[in-house]
$ cat data.txt   # compact mmCIF, C-alpha atoms
# COMPACT_ATOMS: atom_id res chain seq x y z
CA MET A 1 0.00 0.00 0.00
CA LEU A 2 1.15 3.56 -0.72
CA ASP A 3 2.86 5.29 2.20
CA VAL A 4 0.52 8.28 2.30
CA SER A 5 2.22 9.57 5.44
CA ALA A 6 5.24 10.43 3.29
CA GLN A 7 3.16 12.96 1.35
CA PRO A 8 2.92 16.57 2.56
CA ALA A 9 0.15 17.06 5.09
CA ILE A 10 -2.89 19.10 4.08
CA ASP A 11 -4.56 20.99 6.90
CA ALA A 12 -8.28 21.68 6.85
CA LEU A 13 -9.08 24.91 5.06
CA ALA A 14 -11.71 25.85 7.67
CA PRO A 15 -11.01 25.77 11.42
CA ARG A 16 -12.37 22.45 12.64
CA ALA A 17 -13.40 24.06 15.90
CA ASP A 18 -16.03 25.91 13.87
CA PHE A 19 -17.82 22.56 13.32
CA PRO A 20 -18.99 21.17 16.67
CA ILE A 21 -20.04 17.77 15.29
CA LEU A 22 -16.46 17.01 14.25
CA SER A 23 -15.42 16.76 17.90
CA ARG A 24 -17.64 13.75 18.62
CA GLU A 25 -16.75 10.08 18.55
CA VAL A 26 -18.48 7.24 16.69
CA ASN A 27 -18.01 3.68 17.93
CA GLY A 28 -15.28 4.95 20.25
CA LYS A 29 -13.29 6.51 17.41
CA PRO A 30 -12.96 10.15 16.34
CA LEU A 31 -15.54 10.95 13.70
CA VAL A 32 -14.12 11.11 10.17
CA TYR A 33 -16.93 12.61 8.11
CA LEU A 34 -16.49 11.83 4.40
CA ASP A 35 -20.05 12.16 3.11
CA SER A 36 -20.17 15.88 2.39
CA THR A 37 -21.39 15.20 -1.15
CA ALA A 38 -24.66 14.03 0.41
CA SER A 39 -24.85 16.78 3.03
CA SER A 40 -22.20 18.99 4.58
CA GLN A 41 -21.66 19.74 8.25
CA LYS A 42 -22.58 23.16 9.64
CA PRO A 43 -20.28 25.74 11.21
CA LEU A 44 -21.17 27.61 14.38
CA ALA A 45 -21.74 30.74 12.29
CA VAL A 46 -24.74 29.06 10.64
CA ILE A 47 -26.07 27.45 13.80
CA ASP A 48 -25.76 30.68 15.77
CA ALA A 49 -27.34 32.82 13.04
CA MET A 50 -30.44 30.62 12.95
CA GLU A 51 -30.71 30.47 16.73
CA ARG A 52 -30.31 34.24 16.95
CA PHE A 53 -33.12 34.72 14.43
CA TYR A 54 -35.48 32.51 16.40
CA ARG A 55 -34.54 34.17 19.67
CA GLN A 56 -34.72 37.79 18.50
CA SER A 57 -36.52 38.34 15.19
CA ASN A 58 -38.87 35.44 14.52
CA ALA A 59 -41.91 36.61 12.53
CA ASN A 60 -43.45 36.16 9.11
CA VAL A 61 -42.07 38.14 6.19
CA HIS A 62 -43.54 40.67 3.76
CA ARG A 63 -46.80 40.98 5.70
CA GLY A 64 -46.33 42.85 8.93
CA ALA A 65 -45.94 46.56 9.64
CA TYR A 66 -44.25 45.90 12.97
CA ALA A 67 -40.60 45.70 13.95
CA LEU A 68 -40.16 41.91 14.12
CA SER A 69 -41.74 41.35 10.71
CA GLU A 70 -39.63 44.09 9.17
CA GLU A 71 -36.49 42.57 10.71
CA ALA A 72 -37.43 39.11 9.42
CA SER A 73 -38.17 40.48 5.95
CA ALA A 74 -34.84 42.30 5.87
CA ALA A 75 -33.02 39.12 6.94
CA TYR A 76 -34.81 37.01 4.33
CA GLU A 77 -34.19 39.44 1.48
CA GLY A 78 -30.64 40.01 2.73
CA ALA A 79 -30.00 36.32 2.18
CA ARG A 80 -31.22 36.68 -1.40
CA LYS A 81 -28.78 39.53 -1.98
CA ALA A 82 -25.93 37.47 -0.55
CA VAL A 83 -26.73 34.51 -2.81
CA ALA A 84 -27.00 36.75 -5.88
CA LYS A 85 -23.57 38.20 -5.11
CA PHE A 86 -22.09 34.75 -4.41
CA ILE A 87 -22.96 33.40 -7.87
CA HIS A 88 -22.61 36.80 -9.61
CA ALA A 89 -26.23 37.08 -10.73
CA ARG A 90 -27.23 40.33 -12.41
CA SER A 91 -30.17 40.92 -10.10
CA VAL A 92 -31.77 39.63 -6.91
CA LYS A 93 -34.88 39.13 -9.05
CA GLU A 94 -33.07 36.18 -10.65
CA ILE A 95 -32.79 34.35 -7.30
CA VAL A 96 -35.77 32.19 -6.34
CA PHE A 97 -35.74 30.35 -3.04
CA THR A 98 -36.92 26.72 -3.22
CA ARG A 99 -36.81 23.78 -0.84
CA ASN A 100 -33.74 22.28 -2.55
CA ALA A 101 -32.09 21.77 -5.94
CA THR A 102 -34.61 19.06 -6.79
CA GLU A 103 -37.51 21.48 -6.45
CA GLY A 104 -35.66 24.08 -8.50
CA LEU A 105 -35.25 21.65 -11.39
CA ASN A 106 -38.90 20.64 -11.13
CA VAL A 107 -39.97 24.31 -11.22
CA VAL A 108 -38.23 24.70 -14.57
CA ALA A 109 -39.66 21.48 -15.96
CA GLN A 110 -43.23 22.20 -14.86
CA THR A 111 -43.34 25.90 -15.77
CA TRP A 112 -40.90 26.74 -18.56
CA GLY A 113 -41.03 23.15 -19.82
CA LEU A 114 -44.79 22.77 -20.09
CA ALA A 115 -45.05 26.21 -21.71
CA ASN A 116 -42.31 25.66 -24.28
CA ILE A 117 -41.75 21.96 -24.96
CA LYS A 118 -43.97 20.22 -27.50
CA ALA A 119 -44.25 16.79 -29.11
CA GLY A 120 -41.13 15.81 -31.02
CA ASP A 121 -38.85 18.34 -29.33
CA VAL A 122 -35.49 16.93 -28.29
CA ILE A 123 -34.25 17.23 -24.69
CA VAL A 124 -30.57 16.37 -24.21
CA LEU A 125 -29.38 15.08 -20.83
CA SER A 126 -26.32 13.05 -19.81
CA GLU A 127 -25.87 9.54 -18.51
CA MET A 128 -24.23 10.83 -15.32
CA GLU A 129 -27.19 12.82 -14.02
CA HIS A 130 -28.64 12.61 -10.52
CA HIS A 131 -32.24 11.39 -10.53
CA SER A 132 -33.31 14.96 -9.79
CA ASN A 133 -32.03 15.98 -13.22
CA LEU A 134 -33.56 12.97 -14.95
CA VAL A 135 -37.02 12.31 -13.55
CA PRO A 136 -38.46 15.85 -14.01
CA TRP A 137 -37.55 15.67 -17.71
CA GLN A 138 -38.94 12.14 -18.00
CA ILE A 139 -42.23 13.41 -16.58
CA LEU A 140 -42.15 16.38 -18.96
CA ALA A 141 -41.44 14.15 -21.96
CA ALA A 142 -44.28 11.81 -21.02
CA ARG A 143 -46.70 14.76 -20.83
CA THR A 144 -45.58 16.55 -23.99
CA GLY A 145 -44.30 13.84 -26.32
CA ALA A 146 -40.76 15.22 -26.27
CA VAL A 147 -37.82 12.92 -27.00
CA LEU A 148 -35.02 12.35 -24.47
CA GLU A 149 -31.47 11.85 -25.72
CA PHE A 150 -28.34 11.29 -23.64
CA ILE A 151 -24.71 12.30 -23.79
CA PRO A 152 -22.77 9.05 -23.22
CA VAL A 153 -20.23 8.66 -20.45
CA THR A 154 -16.85 7.23 -21.45
CA ASP A 155 -15.14 4.37 -19.64
CA ASP A 156 -12.96 6.86 -17.75
CA GLY A 157 -16.00 8.79 -16.51
CA LEU A 158 -16.00 11.76 -18.89
CA LEU A 159 -18.75 13.03 -21.15
CA ASP A 160 -18.41 12.00 -24.79
CA LEU A 161 -18.23 15.48 -26.28
CA ALA A 162 -18.12 14.22 -29.88
CA ALA A 163 -21.44 12.48 -29.27
CA TYR A 164 -22.74 15.69 -27.65
CA ALA A 165 -21.87 17.65 -30.80
CA ARG A 166 -23.82 15.14 -32.88
CA LEU A 167 -26.84 15.42 -30.58
CA LEU A 168 -26.77 19.21 -30.97
CA GLU A 169 -27.15 18.76 -34.71
CA ARG A 170 -30.71 17.67 -33.92
CA ARG A 171 -31.42 21.19 -32.63
CA PRO A 172 -32.62 20.28 -29.12
CA ARG A 173 -35.04 22.60 -27.37
CA LEU A 174 -33.38 22.05 -24.00
CA VAL A 175 -30.05 20.77 -22.66
CA ALA A 176 -29.65 19.85 -18.97
CA PHE A 177 -26.51 18.55 -17.29
CA THR A 178 -24.65 18.55 -14.00
CA LEU A 179 -21.71 20.86 -13.36
CA MET A 180 -20.10 18.14 -11.22
CA SER A 181 -21.04 14.47 -10.96
CA ASN A 182 -22.05 13.42 -7.46
CA VAL A 183 -20.71 9.92 -8.21
CA LEU A 184 -17.67 10.35 -10.46
CA GLY A 185 -16.44 13.79 -9.46
CA THR A 186 -16.37 14.65 -13.17
CA ILE A 187 -16.40 18.37 -13.97
CA PRO A 188 -17.62 18.83 -17.56
CA PRO A 189 -16.37 21.77 -19.68
CA ALA A 190 -19.59 23.62 -18.90
CA ARG A 191 -18.88 26.99 -20.51
CA GLU A 192 -18.04 25.41 -23.85
CA MET A 193 -21.01 23.03 -23.66
CA ILE A 194 -23.40 25.88 -22.87
CA ALA A 195 -22.07 28.00 -25.75
CA GLN A 196 -22.52 25.06 -28.12
CA ALA A 197 -26.06 24.45 -26.88
CA HIS A 198 -27.00 28.09 -27.32
CA ALA A 199 -25.60 28.05 -30.84
CA ALA A 200 -27.93 25.14 -31.54
CA GLY A 201 -30.89 27.12 -30.18
CA ALA A 202 -31.28 25.30 -26.86
CA VAL A 203 -32.08 26.60 -23.39
CA VAL A 204 -29.58 25.24 -20.82
CA VAL A 205 -30.38 24.04 -17.30
CA CYS A 206 -27.46 23.26 -14.98
CA ASP A 207 -27.58 21.14 -11.85
CA GLY A 208 -25.20 23.00 -9.55
CA ALA A 209 -25.84 20.98 -6.38
CA GLN A 210 -22.25 19.71 -6.32
CA ALA A 211 -20.48 22.56 -8.10
CA VAL A 212 -21.73 25.62 -6.21
CA PRO A 213 -20.42 24.42 -2.81
CA HIS A 214 -16.99 23.49 -4.18
CA LEU A 215 -16.05 25.71 -7.12
CA PRO A 216 -16.01 29.45 -7.84
CA LEU A 217 -19.02 30.02 -10.05
CA ASP A 218 -20.11 33.04 -12.10
CA VAL A 219 -23.47 32.56 -13.79
CA ARG A 220 -22.88 35.49 -16.11
CA ALA A 221 -19.59 34.06 -17.36
CA LEU A 222 -21.07 30.57 -17.51
CA ASP A 223 -24.14 31.93 -19.34
CA CYS A 224 -26.46 29.12 -18.23
CA ASP A 225 -30.16 29.91 -18.45
CA PHE A 226 -31.11 28.15 -15.21
CA LEU A 227 -29.08 26.86 -12.27
CA ALA A 228 -30.34 24.93 -9.25
CA PHE A 229 -28.48 24.19 -6.01
CA SER A 230 -29.07 23.32 -2.34
CA SER A 231 -28.09 24.99 0.91
CA HIS A 232 -27.40 21.81 2.87
CA LYS A 233 -24.47 20.82 0.65
CA MET A 234 -22.70 24.17 1.15
CA LEU A 235 -22.54 24.41 4.95
CA GLY A 236 -26.10 25.73 5.22
CA PRO A 237 -29.28 24.19 6.66
CA THR A 238 -31.62 21.72 5.04
CA GLY A 239 -34.98 22.87 3.72
CA ILE A 240 -33.87 25.65 1.39
CA GLY A 241 -32.38 25.77 -2.08
CA VAL A 242 -31.93 28.22 -4.91
CA LEU A 243 -33.13 28.45 -8.47
CA TYR A 244 -31.28 31.00 -10.56
CA GLY A 245 -32.90 31.94 -13.85
CA LYS A 246 -32.25 34.62 -16.40
CA ARG A 247 -34.74 37.37 -15.74
CA ALA A 248 -36.43 37.35 -19.15
CA LEU A 249 -37.10 33.61 -18.87
CA LEU A 250 -38.46 33.89 -15.33
CA GLU A 251 -40.68 36.82 -16.30
CA ALA A 252 -42.26 34.77 -19.09
CA MET A 253 -42.86 31.66 -16.95
CA PRO A 254 -46.18 31.00 -15.21
CA PRO A 255 -46.20 30.52 -11.41
CA PHE A 256 -45.34 27.09 -10.05
CA LEU A 257 -47.56 27.05 -6.95
CA GLY A 258 -50.57 29.15 -6.00
CA GLY A 259 -51.24 30.79 -2.64
CA GLY A 260 -50.11 33.59 -0.42
CA ASP A 261 -47.24 35.95 -1.31
CA MET A 262 -47.01 34.84 -4.95
CA ILE A 263 -49.89 37.14 -5.86
CA ARG A 264 -50.30 40.84 -6.42
CA GLU A 265 -54.08 40.68 -6.10
CA VAL A 266 -56.79 37.99 -6.01
CA HIS A 267 -60.46 38.02 -7.04
CA LEU A 268 -62.98 35.21 -6.86
CA ARG A 269 -62.33 34.14 -10.43
CA SER A 270 -58.86 35.49 -11.19
CA PHE A 271 -55.51 36.55 -9.79
CA THR A 272 -52.52 38.64 -10.82
CA PRO A 273 -49.11 37.11 -9.99
CA ASN A 274 -46.55 38.99 -7.97
CA ASP A 275 -43.30 40.40 -9.32
CA LEU A 276 -40.09 38.37 -9.47
CA PRO A 277 -38.90 36.53 -7.58
CA TRP A 278 -41.90 36.24 -5.26
CA LYS A 279 -44.27 34.87 -7.89
CA PHE A 280 -42.42 31.55 -7.47
CA GLU A 281 -42.42 31.63 -3.65
CA ALA A 282 -45.94 30.73 -2.55
CA GLY A 283 -46.70 30.52 1.14
CA THR A 284 -44.57 31.21 4.19
CA PRO A 285 -40.96 30.60 3.14
CA ALA A 286 -38.08 28.98 5.01
CA ILE A 287 -37.05 32.20 6.75
CA ALA A 288 -34.65 30.90 9.38
CA GLU A 289 -33.13 28.60 6.77
CA ALA A 290 -32.51 31.60 4.50
CA VAL A 291 -30.73 33.26 7.43
CA GLY A 292 -28.60 30.13 7.81
CA LEU A 293 -27.84 30.05 4.08
CA HIS A 294 -26.74 33.68 4.26
CA ALA A 295 -24.32 32.78 7.06
CA ALA A 296 -23.02 29.82 5.04
CA VAL A 297 -22.43 32.00 1.99
CA ASP A 298 -20.56 34.52 4.13
CA TYR A 299 -18.46 31.73 5.63
CA LEU A 300 -17.51 30.30 2.21
CA SER A 301 -16.85 33.77 0.83
CA ALA A 302 -14.46 34.47 3.71
CA LEU A 303 -12.59 31.25 2.92
CA GLY A 304 -12.51 32.14 -0.79
CA MET A 305 -13.97 29.74 -3.33
CA GLU A 306 -10.71 29.60 -5.30
CA ARG A 307 -9.01 28.34 -2.11
CA VAL A 308 -11.86 25.90 -1.51
CA ALA A 309 -11.40 24.43 -4.98
CA ALA A 310 -7.61 24.22 -4.59
CA HIS A 311 -7.89 22.55 -1.18
CA GLU A 312 -10.27 19.93 -2.51
CA ALA A 313 -8.17 19.29 -5.62
CA GLU A 314 -5.25 18.37 -3.35
CA LEU A 315 -7.43 16.13 -1.19
CA ALA A 316 -8.89 14.43 -4.27
CA GLN A 317 -5.47 13.50 -5.62
CA ARG A 318 -4.31 12.26 -2.20
CA MET A 319 -7.45 10.14 -1.87
CA ILE A 320 -7.08 8.69 -5.36
CA ALA A 321 -3.40 7.87 -4.80
CA ALA A 322 -4.02 6.23 -1.43
CA LEU A 323 -7.03 4.18 -2.50
CA SER A 324 -5.51 3.15 -5.84
CA ALA A 325 -2.65 1.44 -3.99
CA ILE A 326 -5.06 -1.05 -2.36
CA PRO A 327 -5.11 -4.38 -4.26
CA GLY A 328 -8.48 -5.18 -5.81
CA LEU A 329 -9.82 -1.63 -5.42
CA HIS A 330 -11.19 0.10 -8.52
CA ILE A 331 -11.92 3.81 -8.74
CA ILE A 332 -14.93 4.68 -10.87
CA GLY A 333 -14.44 7.96 -12.71
CA PRO A 334 -11.55 10.19 -13.74
CA THR A 335 -8.35 9.95 -11.74
CA SER A 336 -6.73 13.22 -12.80
CA PRO A 337 -7.79 16.89 -12.57
CA PRO A 338 -10.08 18.63 -13.08
CA ARG A 339 -12.38 16.67 -10.78
CA GLY A 340 -14.15 17.09 -7.49
CA ALA A 341 -13.11 15.61 -4.15
CA VAL A 342 -15.68 12.83 -4.37
CA VAL A 343 -14.28 9.38 -5.11
CA SER A 344 -16.42 6.32 -5.85
CA PHE A 345 -14.85 2.89 -5.70
CA THR A 346 -15.46 -0.84 -5.56
CA ILE A 347 -13.40 -3.69 -4.08
CA ASP A 348 -13.33 -7.15 -5.62
CA GLY A 349 -15.44 -9.55 -3.61
CA MET A 350 -16.97 -6.91 -1.34
CA HIS A 351 -20.37 -5.25 -1.48
CA PRO A 352 -20.17 -1.45 -1.03
CA HIS A 353 -22.58 -1.67 1.92
CA ASP A 354 -20.16 -4.02 3.69
CA ILE A 355 -17.33 -1.56 3.07
CA ALA A 356 -19.34 1.30 4.55
CA THR A 357 -20.41 -0.79 7.56
CA LEU A 358 -16.84 -1.83 8.37
CA LEU A 359 -15.58 1.75 8.00
CA ASP A 360 -18.29 2.94 10.35
CA GLN A 361 -16.75 0.74 13.03
CA ASP A 362 -13.66 2.95 12.69
CA GLY A 363 -15.78 6.10 13.00
CA ILE A 364 -15.59 6.83 9.26
CA ALA A 365 -18.75 8.01 7.51
CA ILE A 366 -18.93 7.29 3.78
CA ARG A 367 -21.86 6.60 1.48
CA ALA A 368 -22.70 3.31 -0.22
CA GLY A 369 -25.38 2.72 -2.82
CA HIS A 370 -26.40 3.98 -6.24
CA HIS A 371 -26.21 7.63 -5.07
CA CYS A 372 -29.47 8.56 -6.84
CA ALA A 373 -27.77 7.78 -10.16
CA GLN A 374 -29.04 4.31 -11.10
CA PRO A 375 -28.63 4.82 -14.87
CA LEU A 376 -24.97 5.68 -14.29
CA MET A 377 -24.54 2.51 -12.22
CA GLU A 378 -26.11 0.56 -15.09
CA ARG A 379 -23.69 2.21 -17.50
CA PHE A 380 -20.76 0.78 -15.51
CA GLY A 381 -22.47 -2.54 -14.80
CA LEU A 382 -22.52 -1.96 -11.05
CA PRO A 383 -25.28 -2.30 -8.45
CA ALA A 384 -23.60 0.29 -6.21
CA THR A 385 -20.31 1.89 -5.20
CA ALA A 386 -18.70 3.09 -2.00
CA ARG A 387 -18.19 6.86 -2.07
CA ALA A 388 -15.96 9.12 0.01
CA SER A 389 -16.14 12.88 -0.30
CA ALA A 390 -14.19 15.72 1.29
CA TYR A 391 -14.88 19.36 2.04
CA VAL A 392 -13.33 22.42 3.63
CA TYR A 393 -12.99 20.79 7.05
CA THR A 394 -11.33 17.59 5.76
CA THR A 395 -7.64 16.97 6.49
CA SER A 396 -5.02 14.79 4.87
CA SER A 397 -4.79 12.70 8.04
CA GLU A 398 -8.48 11.82 7.61
CA ILE A 399 -7.76 10.67 4.04
CA ASP A 400 -4.92 8.53 5.43
CA THR A 401 -7.28 7.08 8.06
CA LEU A 402 -9.78 6.28 5.32
CA ALA A 403 -7.20 4.43 3.24
CA GLU A 404 -5.93 2.45 6.24
CA SER A 405 -9.47 1.44 7.21
CA VAL A 406 -10.38 0.44 3.66
CA ALA A 407 -7.22 -1.67 3.45
CA ARG A 408 -8.12 -3.44 6.71
CA ALA A 409 -11.67 -4.06 5.49
CA ARG A 410 -10.34 -5.50 2.23
CA ASP A 411 -7.89 -7.76 4.08
CA LEU A 412 -10.68 -9.01 6.31
CA PHE A 413 -12.76 -10.10 3.33
CA ALA A 414 -9.74 -11.36 1.37
$ encode --input "data.txt" --output "structure tokens"
Amino acid sequence: MLDVSAQPAIDALAPRADFPILSREVNGKPLVYLDSTASSQKPLAVIDAMERFYRQSNANVHRGAYALSEEASAAYEGARKAVAKFIHARSVKEIVFTRNATEGLNVVAQTWGLANIKAGDVIVLSEMEHHSNLVPWQILAARTGAVLEFIPVTDDGLLDLAAYARLLERRPRLVAFTLMSNVLGTIPPAREMIAQAHAAGAVVVCDGAQAVPHLPLDVRALDCDFLAFSSHKMLGPTGIGVLYGKRALLEAMPPFLGGGDMIREVHLRSFTPNDLPWKFEAGTPAIAEAVGLHAAVDYLSALGMERVAAHEAELAQRMIAALSAIPGLHIIGPTSPPRGAVVSFTIDGMHPHDIATLLDQDGIAIRAGHHCAQPLMERFGLPATARASAYVYTTSSEIDTLAESVARARDLFA
């Protein structure tokens, strides 16, 4: 096995003391949390911001002419401004709060999609998509008669860009793809792919659930038409996500849900929708969660997203080197940059669930399963993989601990 201890140590980018959960033990061992791709841990800044809101300013937004409501409204809309700045949106009107990335993608499918997609239209997706960027388009195709086509994934976990160019010759109406695979760590050449799609006349939807927490992202430079991502993967709370959309597209879209706050006025037989972005935010929103997301954005901004990406690139290569040295272990996906710090692997003769269970005995949290990407598992002929993923609080010593534990688990089964 590779002597990973001989490699330079990589300290956590964020102070680990900021993350209270990282001080606990699991099965008598220090917790090594390597499932940030599923959901990240939360710093004290986020936890404290939400508690402070509930203690001092808790009220509904946009509806009260009293101090608490005005404070809550300012906090909620302040979070929108912070998110717009974080992804370099042109306007806060382009930032719609949702429950998560999944809901954001469904909003596009059920509003823009139903209004613009017709029978025979081509929708291009990729084989590496999360179910959340597959099923909404499958539902849309079933309702409209549209045709789904897929960019193949190569044996080394990359998108087949020559095949993508051929699919664009069919003049698709919509192209949707992930900016980072939650299974393979693959980072597609998004800017080039988006420019090609636009040249073919397509609208482009990007799943940013993995990319936004880990990479510097500028939606204006990227030029995507829609982008969806989740708070809970970027140090923020669960229960809130973001849909970015170009203003002209959002203006033309019908509302997604009906109810309070998404209306300007209501009569017995008609209503007038509210302005952007509120026409897509029916009902009482996740106010405290927006406050937490704001704190998470501030925390990541203080770290610097370029530094976040560099830190994770180093951890990814250390993880790949350490795991690759274990006999019988196979990494699924690209093994060289650019890629994210999420590594999926299999071990000959071991089920991924057994790997994860044995690692848990050492206090190590990884994910095992199909990772909400069953078509991608089918592409590689696998029922599941084990998956380890790092983030700003991950250290090189934790990667070394992972590799040592995986080696022991493999030896046990061998």
$ atom_distance --input "data.txt" --atom1 "CA of Val147 (chain A)" --atom2 "CA of Asn106 (chain A)"
17.7 Å
$ axis_aligned_box --input "data.txt" --around "region 387-397 of chain A" --padding-each-side "3 Å" --output "lines of an AutoDock Vina configuration file"
center_x = -11.5
center_y = 14.6
center_z = 3.0
size_x = 19.4
size_y = 21.6
size_z = 16.1
$ closest_residue --input "data.txt" --among "A:Arg339, A:Arg387, A:Arg410, A:Arg99" --to "Leu34 (chain A)" --atoms "all atoms listed in the file"
A:Arg387
$ residues_near_point --input "data.txt" --point "(-36.2, 38.3, 15.1)" --cutoff "8 Å" --atoms "all atoms listed in the file" --output "list of chain:residue names"
A:Arg52, A:Phe53, A:Tyr54, A:Arg55, A:Gln56, A:Ser57, A:Asn58, A:Ala59, A:Leu68, A:Ser69, A:Glu71, A:Ala72
$ atom_distance --input "data.txt" --atom1 "CA of Leu179 (chain A)" --atom2 "CA of Pro213 (chain A)"
11.2 Å
$ atom_distance --input "data.txt" --atom1 "CA of His214 (chain A)" --atom2 "CA of Val308 (chain A)"
6.3 Å
$ residues_near_point --input "data.txt" --point "(-33.4, 31.8, -4.1)" --cutoff "8 Å" --atoms "only C-alpha atoms" --output "list of chain:residue names"
A:Arg80, A:Val83, A:Glu94, A:Ile95, A:Val96, A:Phe97, A:Thr98, A:Gly241, A:Val242, A:Leu243, A:Tyr244
$ residues_around --input "data.txt" --residues "Thr385 (chain A)" --least-positions-apart "6" --cutoff "12 Å" --atoms "all atoms listed in the file" --output "ChimeraX atom specification"
/A:182-184,329-333,342-348,350-356,366-374,376-378
$ residues_around --input "data.txt" --residues "Val26 (chain A)" --least-positions-apart "6" --cutoff "12 Å" --atoms "all atoms listed in the file" --output "PyMOL selection string"
chain A and resi 32-33+359-365
$ closest_residue --input "data.txt" --among "A:Ser397, A:Thr178, A:Ser405, A:Thr154" --to "Leu105 (chain A)" --atoms "only C-alpha atoms"
A:Thr178
$ closest_residue --input "data.txt" --among "A:Pro216, A:Pro255, A:Gly292, A:Pro237" --to "Gly304 (chain A)" --atoms "only C-alpha atoms"
A:Pro216
$ residues_around --input "data.txt" --residues "His311 (chain A)" --least-positions-apart "5" --cutoff "12 Å" --atoms "all atoms listed in the file" --output "list in words"
Ala9, Ile10, Asp11, Ala12, Leu13, Ala14, His214, Leu215, Leu303, Gly304, Met305, Glu306, Ala316, Gln317, Arg318, Gly340, Ala341, Ala390, Tyr391, Val392, Tyr393, Thr394, Thr395 and Ser396 of chain A
$ write_last_selection --input "data.txt" --atoms "C-alpha atoms" --output "short mmCIF file (atom, residue, chain, number, x, y, z; two decimals), in the coordinates of the input"
data_model
loop_
_atom_site.label_atom_id
_atom_site.label_comp_id
_atom_site.auth_asym_id
_atom_site.auth_seq_id
_atom_site.Cartn_x
_atom_site.Cartn_y
_atom_site.Cartn_z
CA ALA A 9 0.15 17.06 5.09
CA ILE A 10 -2.89 19.10 4.08
CA ASP A 11 -4.56 20.99 6.90
CA ALA A 12 -8.28 21.68 6.85
CA LEU A 13 -9.08 24.91 5.06
CA ALA A 14 -11.71 25.85 7.67
CA HIS A 214 -16.99 23.49 -4.18
CA LEU A 215 -16.05 25.71 -7.12
CA LEU A 303 -12.59 31.25 2.92
CA GLY A 304 -12.51 32.14 -0.79
CA MET A 305 -13.97 29.74 -3.33
CA GLU A 306 -10.71 29.60 -5.30
CA ALA A 316 -8.89 14.43 -4.27
CA GLN A 317 -5.47 13.50 -5.62
CA ARG A 318 -4.31 12.26 -2.20
CA GLY A 340 -14.15 17.09 -7.49
CA ALA A 341 -13.11 15.61 -4.15
CA ALA A 390 -14.19 15.72 1.29
CA TYR A 391 -14.88 19.36 2.04
CA VAL A 392 -13.33 22.42 3.63
CA TYR A 393 -12.99 20.79 7.05
CA THR A 394 -11.33 17.59 5.76
CA THR A 395 -7.64 16.97 6.49
CA SER A 396 -5.02 14.79 4.87
#
$ closest_residue --input "data.txt" --among "A:Gly157, A:Gly381, A:Gly349, A:Gly245" --to "Pro334 (chain A)" --atoms "only C-alpha atoms"
A:Gly157
$ closest_residue --input "data.txt" --among "A:Ala403, A:Leu227, A:Leu257, A:Ala163" --to "Ser324 (chain A)" --atoms "only C-alpha atoms"
A:Ala403
$ closest_residue --input "data.txt" --among "A:Arg269, A:Lys279, A:Lys233, A:Arg24" --to "Lys93 (chain A)" --atoms "all atoms listed in the file"
A:Lys279
$ closest_atom_pairs --input "data.txt" --of "region 102-130 of chain A" --to "region 201-206 of chain A" --cutoff "10 Å" --atoms "all atoms listed in the file" --output "tab-separated table"
residue	atom	partner	partner_atom	distance
A:Leu105	CA	A:Val205	CA	8.0
A:Val108	CA	A:Val205	CA	8.3
A:Ala109	CA	A:Val205	CA	9.7
A:Val122	CA	A:Ala202	CA	9.5
A:Ile123	CA	A:Ala202	CA	8.9
A:Val124	CA	A:Ala202	CA	9.3
A:Leu125	CA	A:Val205	CA	9.7
